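Here is entry08.cif, consisting of mmCIF, C-alpha atoms and all ligand atoms:
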data_run
#
loop_
_atom_site.label_atom_id
_atom_site.label_comp_id
_atom_site.auth_asym_id
_atom_site.auth_seq_id
_atom_site.Cartn_x
_atom_site.Cartn_y
_atom_site.Cartn_z
CA MET A 1334 37.70 124.72 48.01
CA PRO A 1335 40.66 122.30 47.83
CA LYS A 1336 43.30 122.75 50.50
CA THR A 1337 46.15 122.86 47.98
CA SER A 1338 44.76 125.79 46.01
CA TYR A 1339 45.61 128.48 48.57
CA VAL A 1340 47.09 131.47 46.74
CA GLY A 1341 46.89 134.31 49.25
CA ARG A 1342 49.76 136.68 50.06
CA HIS A 1343 50.08 135.44 53.58
CA ARG A 1344 52.48 132.64 54.19
CA PRO A 1345 50.84 129.38 55.01
CA ALA A 1346 51.01 128.30 58.66
CA ALA A 1347 54.13 126.27 58.00
CA ARG A 1348 56.38 128.13 60.40
CA PRO A 1349 58.16 125.94 62.86
CA SER A 1350 56.54 125.80 66.28
CA ARG A 1351 57.81 128.18 68.91
CA GLY A 1352 59.29 125.29 70.79
CA ARG A 1353 61.39 124.35 67.80
CA GLN A 1354 62.51 127.95 67.37
CA ILE A 1355 64.00 127.88 70.84
CA VAL A 1356 65.51 124.42 70.60
CA VAL A 1357 67.63 125.24 67.57
CA PRO A 1358 69.52 128.20 69.07
CA VAL A 1359 70.01 126.37 72.36
CA ALA A 1360 71.54 123.41 70.58
CA LEU A 1361 73.81 125.69 68.59
CA LEU A 1362 74.70 127.86 71.54
CA SER A 1363 75.81 124.79 73.40
CA SER A 1364 78.71 124.45 71.02
CA THR A 1365 81.44 126.79 69.87
CA VAL A 1366 79.14 127.92 67.05
CA ALA A 1367 77.38 129.96 69.73
CA ALA A 1368 80.12 132.58 69.73
CA GLY A 1369 79.78 133.04 65.98
CA LEU A 1370 76.05 133.42 66.26
CA VAL A 1371 76.31 136.09 68.91
CA ILE A 1372 78.69 138.16 66.81
CA HIS A 1373 76.61 137.62 63.69
CA ASP A 1374 73.44 138.78 65.43
CA ALA A 1375 75.16 141.85 66.85
CA GLY A 1376 76.22 142.81 63.32
CA ALA A 1377 72.75 142.20 61.96
CA SER A 1378 71.11 144.47 64.49
CA GLU A 1379 73.24 147.39 63.31
CA SER A 1380 72.74 146.82 59.61
CA SER A 1381 69.97 148.14 57.43
CA PRO A 1382 66.72 146.24 56.75
CA GLU A 1383 68.03 145.56 53.26
CA ALA A 1384 71.20 143.98 54.61
CA ALA A 1385 69.12 141.96 57.02
CA ALA A 1386 66.96 140.81 54.12
CA MET A 1387 70.10 139.75 52.24
CA LYS A 1388 71.20 137.77 55.23
CA ASN A 1389 67.78 136.14 55.30
CA VAL A 1390 68.54 134.76 51.89
CA SER A 1391 72.18 133.80 52.42
CA ASP A 1392 71.86 132.45 55.95
CA PRO A 1393 68.50 130.81 56.57
CA VAL A 1394 69.22 129.98 60.23
CA ALA A 1395 70.78 133.23 61.49
CA GLY A 1396 68.83 135.37 59.05
CA GLY A 1397 65.61 133.78 60.16
CA ILE A 1398 66.31 134.82 63.70
CA SER A 1399 67.51 138.37 62.97
CA GLY A 1400 64.75 138.94 60.45
CA ASP A 1401 61.95 137.95 62.77
CA PRO A 1402 61.64 140.03 65.97
CA ASP A 1403 59.92 137.16 67.79
CA LEU A 1404 62.66 134.73 66.83
CA ALA A 1405 65.41 137.21 67.75
CA ALA A 1406 63.83 137.75 71.14
CA ALA A 1407 63.55 134.02 71.66
CA ALA A 1408 67.17 133.51 70.66
CA SER A 1409 68.26 136.31 72.98
CA ALA A 1410 66.24 134.81 75.82
CA SER A 1411 67.66 131.38 75.18
CA ARG A 1412 71.20 132.80 75.10
CA ALA A 1413 70.58 134.39 78.45
CA GLY A 1414 69.44 131.06 79.87
CA GLY A 1415 71.81 128.94 77.81
CA ARG A 1416 75.29 127.66 78.43
CA SER A 1417 78.14 129.75 77.09
CA SER A 1418 81.57 128.28 76.37
CA ARG A 1419 82.77 130.13 79.46
CA ASP A 1420 80.16 128.24 81.47
CA LEU A 1421 81.32 124.99 79.94
CA ALA A 1422 84.94 125.84 80.70
CA GLY A 1423 83.86 126.62 84.24
CA ASP A 1424 82.16 123.25 84.42
CA ALA A 1425 85.31 121.55 83.15
CA ARG A 1426 87.33 123.41 85.75
CA THR A 1427 84.87 122.27 88.41
CA VAL A 1428 85.25 118.69 87.25
CA ILE A 1429 89.04 118.97 87.28
CA VAL A 1430 89.05 120.63 90.67
CA GLY A 1431 86.61 118.01 91.90
CA ALA A 1432 88.79 115.20 90.56
CA THR A 1433 91.86 116.80 92.14
CA GLN A 1434 90.03 117.13 95.42
CA THR A 1435 88.92 113.51 95.18
CA ALA A 1436 92.50 112.41 94.46
CA THR A 1437 93.77 114.56 97.31
CA GLN A 1438 91.09 113.16 99.58
CA THR A 1439 91.98 109.60 98.56
CA ALA A 1440 95.66 110.29 99.23
CA THR A 1441 94.78 111.87 102.56
CA GLU A 1442 92.65 108.89 103.48
CA ALA A 1443 95.43 106.49 102.46
CA GLN A 1444 97.88 108.52 104.53
CA ALA A 1445 95.47 108.43 107.46
CA VAL A 1446 95.24 104.63 107.19
CA ALA A 1447 99.03 104.39 106.99
CA ASP A 1448 99.39 106.76 109.94
CA LYS A 1449 96.89 104.73 111.91
CA ALA A 1450 98.77 101.50 111.13
CA ALA A 1451 102.08 103.12 112.06
CA ALA A 1452 100.57 104.44 115.28
CA ALA A 1453 99.17 101.00 116.11
CA LYS A 1454 102.57 99.46 115.41
CA ALA A 1455 104.30 102.07 117.55
CA ALA A 1456 101.75 101.55 120.31
CA ALA A 1457 102.29 97.78 120.13
CA ALA A 1458 106.07 98.27 120.24
CA GLN A 1459 105.65 100.68 123.14
CA ALA A 1460 103.38 98.21 124.96
CA GLN A 1461 105.97 95.49 124.34
CA ARG A 1462 108.73 97.71 125.72
CA GLU A 1463 106.64 98.56 128.76
CA GLN A 1464 105.83 94.89 129.25
CA ALA A 1465 109.52 93.97 128.97
CA LEU A 1466 110.43 96.77 131.34
CA ALA A 1467 107.75 95.72 133.81
CA ALA A 1468 109.07 92.15 133.61
CA ALA A 1469 112.63 93.35 134.14
CA HIS A 1470 111.56 95.55 137.04
CA ARG A 1471 109.44 93.02 138.87
CA TRP A 1472 110.46 91.81 142.30
CA VAL A 1473 110.43 88.21 143.50
CA SER A 1474 111.02 86.24 146.68
CA PRO A 1475 114.67 85.23 147.31
CA VAL A 1476 113.79 81.66 148.12
CA SER A 1477 110.77 79.37 148.18
CA GLY A 1478 109.87 76.80 150.81
CA TYR A 1479 111.16 78.80 153.77
CA SER A 1480 110.03 79.88 157.18
CA LEU A 1481 110.73 83.28 158.68
CA THR A 1482 113.00 83.03 161.69
CA SER A 1483 115.07 85.93 163.03
CA GLY A 1484 113.65 89.23 161.85
CA PHE A 1485 115.00 92.76 161.54
CA GLY A 1486 115.97 94.20 164.93
CA PHE A 1487 118.01 93.64 168.08
CA ARG A 1488 118.86 90.04 168.85
CA TRP A 1489 120.79 89.07 171.95
CA GLY A 1490 121.70 92.70 172.49
CA LYS A 1491 123.01 93.10 168.96
CA MET A 1492 121.41 94.63 165.88
CA HIS A 1493 120.35 92.07 163.22
CA PRO A 1494 119.69 94.22 160.13
CA ALA A 1495 118.18 91.36 158.15
CA GLN A 1496 115.41 88.84 157.72
CA ASP A 1497 116.43 85.19 158.07
CA LEU A 1498 114.61 82.65 155.91
CA ALA A 1499 115.16 79.12 157.17
CA CYS A 1500 115.28 76.57 154.36
CA PRO A 1501 117.03 73.29 153.53
CA VAL A 1502 120.65 73.48 152.41
CA GLY A 1503 120.82 73.65 148.61
CA SER A 1504 117.60 75.63 148.13
CA PRO A 1505 117.85 77.89 145.02
CA VAL A 1506 118.50 81.51 145.99
CA HIS A 1507 117.03 84.00 143.52
CA ALA A 1508 117.96 87.49 142.44
CA LEU A 1509 115.16 89.76 143.66
CA SER A 1510 114.99 91.70 140.37
CA SER A 1511 117.21 92.82 137.47
CA GLY A 1512 120.63 93.96 138.54
CA THR A 1513 124.38 93.47 138.65
CA VAL A 1514 126.40 91.31 140.99
CA VAL A 1515 128.65 93.61 143.03
CA PHE A 1516 130.11 91.00 145.35
CA ALA A 1517 130.35 87.22 145.09
CA GLY A 1518 132.77 85.34 147.34
CA TRP A 1519 133.76 84.32 150.79
CA SER A 1520 133.05 86.87 153.50
CA THR A 1521 135.69 87.57 156.15
CA GLU A 1522 132.95 89.07 158.33
CA GLY A 1523 130.99 85.89 159.03
CA TYR A 1524 128.58 85.93 156.03
CA GLY A 1525 130.06 82.74 154.56
CA ASN A 1526 129.50 82.43 150.80
CA PHE A 1527 128.15 85.89 150.23
CA VAL A 1528 126.50 87.61 147.28
CA LYS A 1529 125.54 91.25 146.88
CA ILE A 1530 123.42 92.46 143.99
CA ARG A 1531 122.75 96.08 143.03
CA TYR A 1532 119.36 96.30 141.33
CA TRP A 1533 118.06 98.62 138.61
CA ASP A 1534 116.66 101.07 141.19
CA GLY A 1535 119.89 101.25 143.16
CA THR A 1536 118.80 98.94 145.94
CA VAL A 1537 121.44 96.44 147.09
CA SER A 1538 120.56 93.04 148.54
CA TRP A 1539 122.86 90.98 150.72
CA MET A 1540 122.31 87.22 150.76
CA ALA A 1541 124.55 85.23 153.07
CA HIS A 1542 125.50 81.77 154.40
CA ASN A 1543 125.15 80.11 150.99
CA SER A 1544 126.56 76.66 150.30
CA ARG A 1545 127.51 77.59 146.73
CA LEU A 1546 127.61 80.69 144.54
CA LEU A 1547 126.61 80.60 140.86
CA VAL A 1548 127.53 84.14 139.83
CA SER A 1549 130.58 86.40 139.74
CA VAL A 1550 131.10 90.12 140.24
CA GLY A 1551 129.84 92.04 137.22
CA ASP A 1552 127.27 89.45 136.16
CA GLU A 1553 123.93 90.82 135.01
CA VAL A 1554 121.02 89.01 136.58
CA THR A 1555 117.31 88.86 135.92
CA PRO A 1556 114.40 88.61 138.36
CA GLY A 1557 114.27 85.12 139.85
CA GLN A 1558 117.61 84.04 138.41
CA VAL A 1559 119.28 81.46 140.64
CA VAL A 1560 122.46 83.11 141.91
CA ALA A 1561 123.34 80.66 144.70
CA TYR A 1562 122.26 77.64 146.72
CA SER A 1563 121.42 78.22 150.32
CA GLY A 1564 123.56 76.84 153.12
CA ASP A 1565 124.91 77.22 156.62
CA THR A 1566 128.31 78.80 156.00
CA GLY A 1567 129.98 81.55 158.06
CA HIS A 1568 128.57 82.57 161.44
CA SER A 1569 125.29 80.71 161.14
CA THR A 1570 123.12 78.89 163.62
CA GLY A 1571 121.42 76.71 161.01
CA PRO A 1572 120.56 76.46 157.27
CA HIS A 1573 118.99 79.71 156.17
CA VAL A 1574 119.25 82.69 153.85
CA HIS A 1575 120.25 85.89 155.64
CA LEU A 1576 118.67 88.70 153.61
CA GLU A 1577 119.50 92.38 153.96
CA ILE A 1578 118.01 95.23 151.94
CA HIS A 1579 120.05 98.43 151.47
CA PRO A 1580 118.13 101.11 149.55
CA GLU A 1581 120.60 103.04 147.37
CA GLY A 1582 123.31 100.91 148.95
CA GLY A 1583 122.82 102.78 152.23
CA THR A 1584 121.56 101.77 155.65
CA ALA A 1585 119.69 98.44 155.87
CA VAL A 1586 115.90 98.54 156.24
CA PRO A 1587 113.46 95.84 157.40
CA PRO A 1588 113.15 93.44 154.41
CA VAL A 1589 109.56 92.27 155.01
CA PRO A 1590 107.79 95.64 154.68
CA TRP A 1591 110.19 96.77 151.95
CA LEU A 1592 109.44 93.65 149.87
CA ALA A 1593 105.73 93.98 150.64
CA ALA A 1594 105.88 97.52 149.20
CA HIS A 1595 107.39 95.96 146.07
CA GLY A 1596 104.71 93.33 145.69
CA VAL A 1597 106.44 90.46 147.44
CA ASP A 1598 104.87 89.03 150.56
CA LEU A 1599 107.27 86.94 152.60
ZN ZN B 1601 120.62 86.65 159.56
#
Would you mind writing the file out in structure tokens?
Ligand SMILES: [Zn+2]
Amino acid sequence: MPKTSYVGRHRPAARPSRGRQIVVPVALLSSTVAAGLVIHDAGASESSPEAAAMKNVSDPVAGGISGDPDLAAAASASRAGGRSSRDLAGDARTVIVGATQTATQTATEAQAVADKAAAAKAAAAQAQREQALAAAHRWVSPVSGYSLTSGFGFRWGKMHPAQDLACPVGSPVHALSSGTVVFAGWSTEGYGNFVKIRYWDGTVSWMAHNSRLLVSVGDEVTPGQVVAYSGDTGHSTGPHVHLEIHPEGGTAVPPVPWLAAHGVDL
């Protein structure tokens, strides 16, 4: 019997495969057509078999589903597992939120980099200030190329509140640290050409018997600045620098240990 002569009442096995039946609704449900399909199917389920049959004729796709229980079940199942427009909107929102978060994160990271750079700059500036301050606050020896002679204490029955540093006349005499000249001139009390400097911490140094003064009252001086040349002026027994240290401008203290405590070994 030839294959093309089939005349039975049953429909030939030309129905789409089950896989295809599922794919079609899924594809449709993935678009806005899905909403229309859902409504259409809901209407079809409430209508009479005749109305459903009419729909089969007028709407081959939807009618095919509503008219065939297996297809309807498959469509329903695929809707349950499919993506509704609400899902898609949710996805879009997720993408937007994600993009916003990424942008925010990028801005935050950029800000963090900027903050870090600013902090590094501030730290460098702070380090520079501290370095400058340390330089300004350092202490130095009043003269180089000296020998210690008379020290702090009683000498010939009289208090000598100083350390004498013997050195050739004309040796540069240095400010011990940063400070202000509070006296520069001839002493009427035997100190000869005399200079007093009040330093940043309040300490006052007296340096006497100089041959020449290079500063005036009110001058700001820096550590090591040459303020005078040593000499043998006033009541002096030989060329030397007579050095007194008066903490807070008060009573004189032994210069050697005081300078040692400030990093200067005489
Ligand atoms: Zn002296």
(request) Extract, using all atoms listed in the file, all DNA, RNA and protein residues at most 12 Å from Ser1477 (chain A), discarding same-chain residues fewer than 3 positions from it, and format them as a count of residues only. (result) 22
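We find CA of Tyr1532 (chain A) and CA of Gln1461 (chain A) to be spaced 21.6 Å apart.
Proximity of A:Pro1572, A:Gly1431, A:Gly1535, A:Gly1518 to ligand ZN 1601 (chain B), computed with all atoms listed in the file, is greatest for A:Pro1572.
Proximity of A:Trp1519, A:Trp1472, A:Trp1489, A:Tyr1524 to ligand ZN 1601 (chain B), computed with all atoms listed in the file, is greatest for A:Tyr1524.
Using only C-alpha atoms and all ligand atoms, we find that the residues with an atom at most 7 Å from any atom of ligand ZN 1601 (chain B) are A:Ser1483, A:His1493, A:Ala1495, A:Gln1496, A:Asp1497, A:His1575, A:Leu1576.
Between CA of Ala1517 (chain A) and CA of Tyr1479 (chain A) the interatomic distance comes to 22.7 Å.
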(request) Pick out the residues sitting within 10 Å of His1568 (chain A), and hand them over as an MDAnalysis selection string; count all atoms listed in the file, and ignore anything fewer than 5 positions along from it in its own chain. (result) chainID A and resid 1522:1525 1541:1542
Just-selected residues, C-alpha atoms written as a short mmCIF file (atom, residue, chain, number, x, y, z; two decimals), keeping the file's coordinate frame:
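The resulting file, again_15.cif, is reproduced below:
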data_model
loop_
_atom_site.label_atom_id
_atom_site.label_comp_id
_atom_site.auth_asym_id
_atom_site.auth_seq_id
_atom_site.Cartn_x
_atom_site.Cartn_y
_atom_site.Cartn_z
CA GLU A 1522 132.95 89.07 158.33
CA GLY A 1523 130.99 85.89 159.03
CA TYR A 1524 128.58 85.93 156.03
CA GLY A 1525 130.06 82.74 154.56
CA ALA A 1541 124.55 85.23 153.07
CA HIS A 1542 125.50 81.77 154.40
#
(message) Need the shell around Gly1512 (chain A): protein/DNA/RNA residues with any atom at most 10 Å away, counting all atoms listed in the file. Skip same-chain ones fewer than 5 positions apart. Format as a VMD selection string?
(response) chain A and resid 1469 to 1470 1530 to 1537 1551 to 1556
Restricting it to C-alpha atoms, dump the selection as a CSV table (one decimal), in the coordinates of the input.
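File produced: result.csv:
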chain,number,residue,atom,x,y,z
A,1469,ALA,CA,112.6,93.4,134.1
A,1470,HIS,CA,111.6,95.6,137.0
A,1530,ILE,CA,123.4,92.5,144.0
A,1531,ARG,CA,122.8,96.1,143.0
A,1532,TYR,CA,119.4,96.3,141.3
A,1533,TRP,CA,118.1,98.6,138.6
A,1534,ASP,CA,116.7,101.1,141.2
A,1535,GLY,CA,119.9,101.2,143.2
A,1536,THR,CA,118.8,98.9,145.9
A,1537,VAL,CA,121.4,96.4,147.1
A,1551,GLY,CA,129.8,92.0,137.2
A,1552,ASP,CA,127.3,89.4,136.2
A,1553,GLU,CA,123.9,90.8,135.0
A,1554,VAL,CA,121.0,89.0,136.6
A,1555,THR,CA,117.3,88.9,135.9
A,1556,PRO,CA,114.4,88.6,138.4
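Here CA of Val1589 (chain A) stands at a distance of 8.5 Å from CA of Phe1485 (chain A).
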(request) Go through A:Val1428, A:Ala1593, A:Pro1587, A:Gly1582 and flag the residue nearest Phe1487 (chain A), using only C-alpha atoms for the distances. (result)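 Checking each candidate against Phe1487 (chain A), we get A:Pro1587 as the closest.
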(request) Just the residues within 7 Å of Ile1578 (chain A), please, counting all atoms listed in the file, with nothing from its chain fewer than 2 positions along; format it as a VMD selection string. (result) chain A and resid 1537 to 1539 1576 1580 1585 to 1586 1588
Specify the axis-aligned box that encloses all atoms of region 1442-1445 of chain A listed in the file after padding of 5 Å on each side, stating its centre and edge lengths in Å to one decimal as AutoDock Vina command-line options.
--center_x 95.3 --center_y 107.7 --center_z 105.0 --size_x 15.2 --size_y 12.4 --size_z 15.0
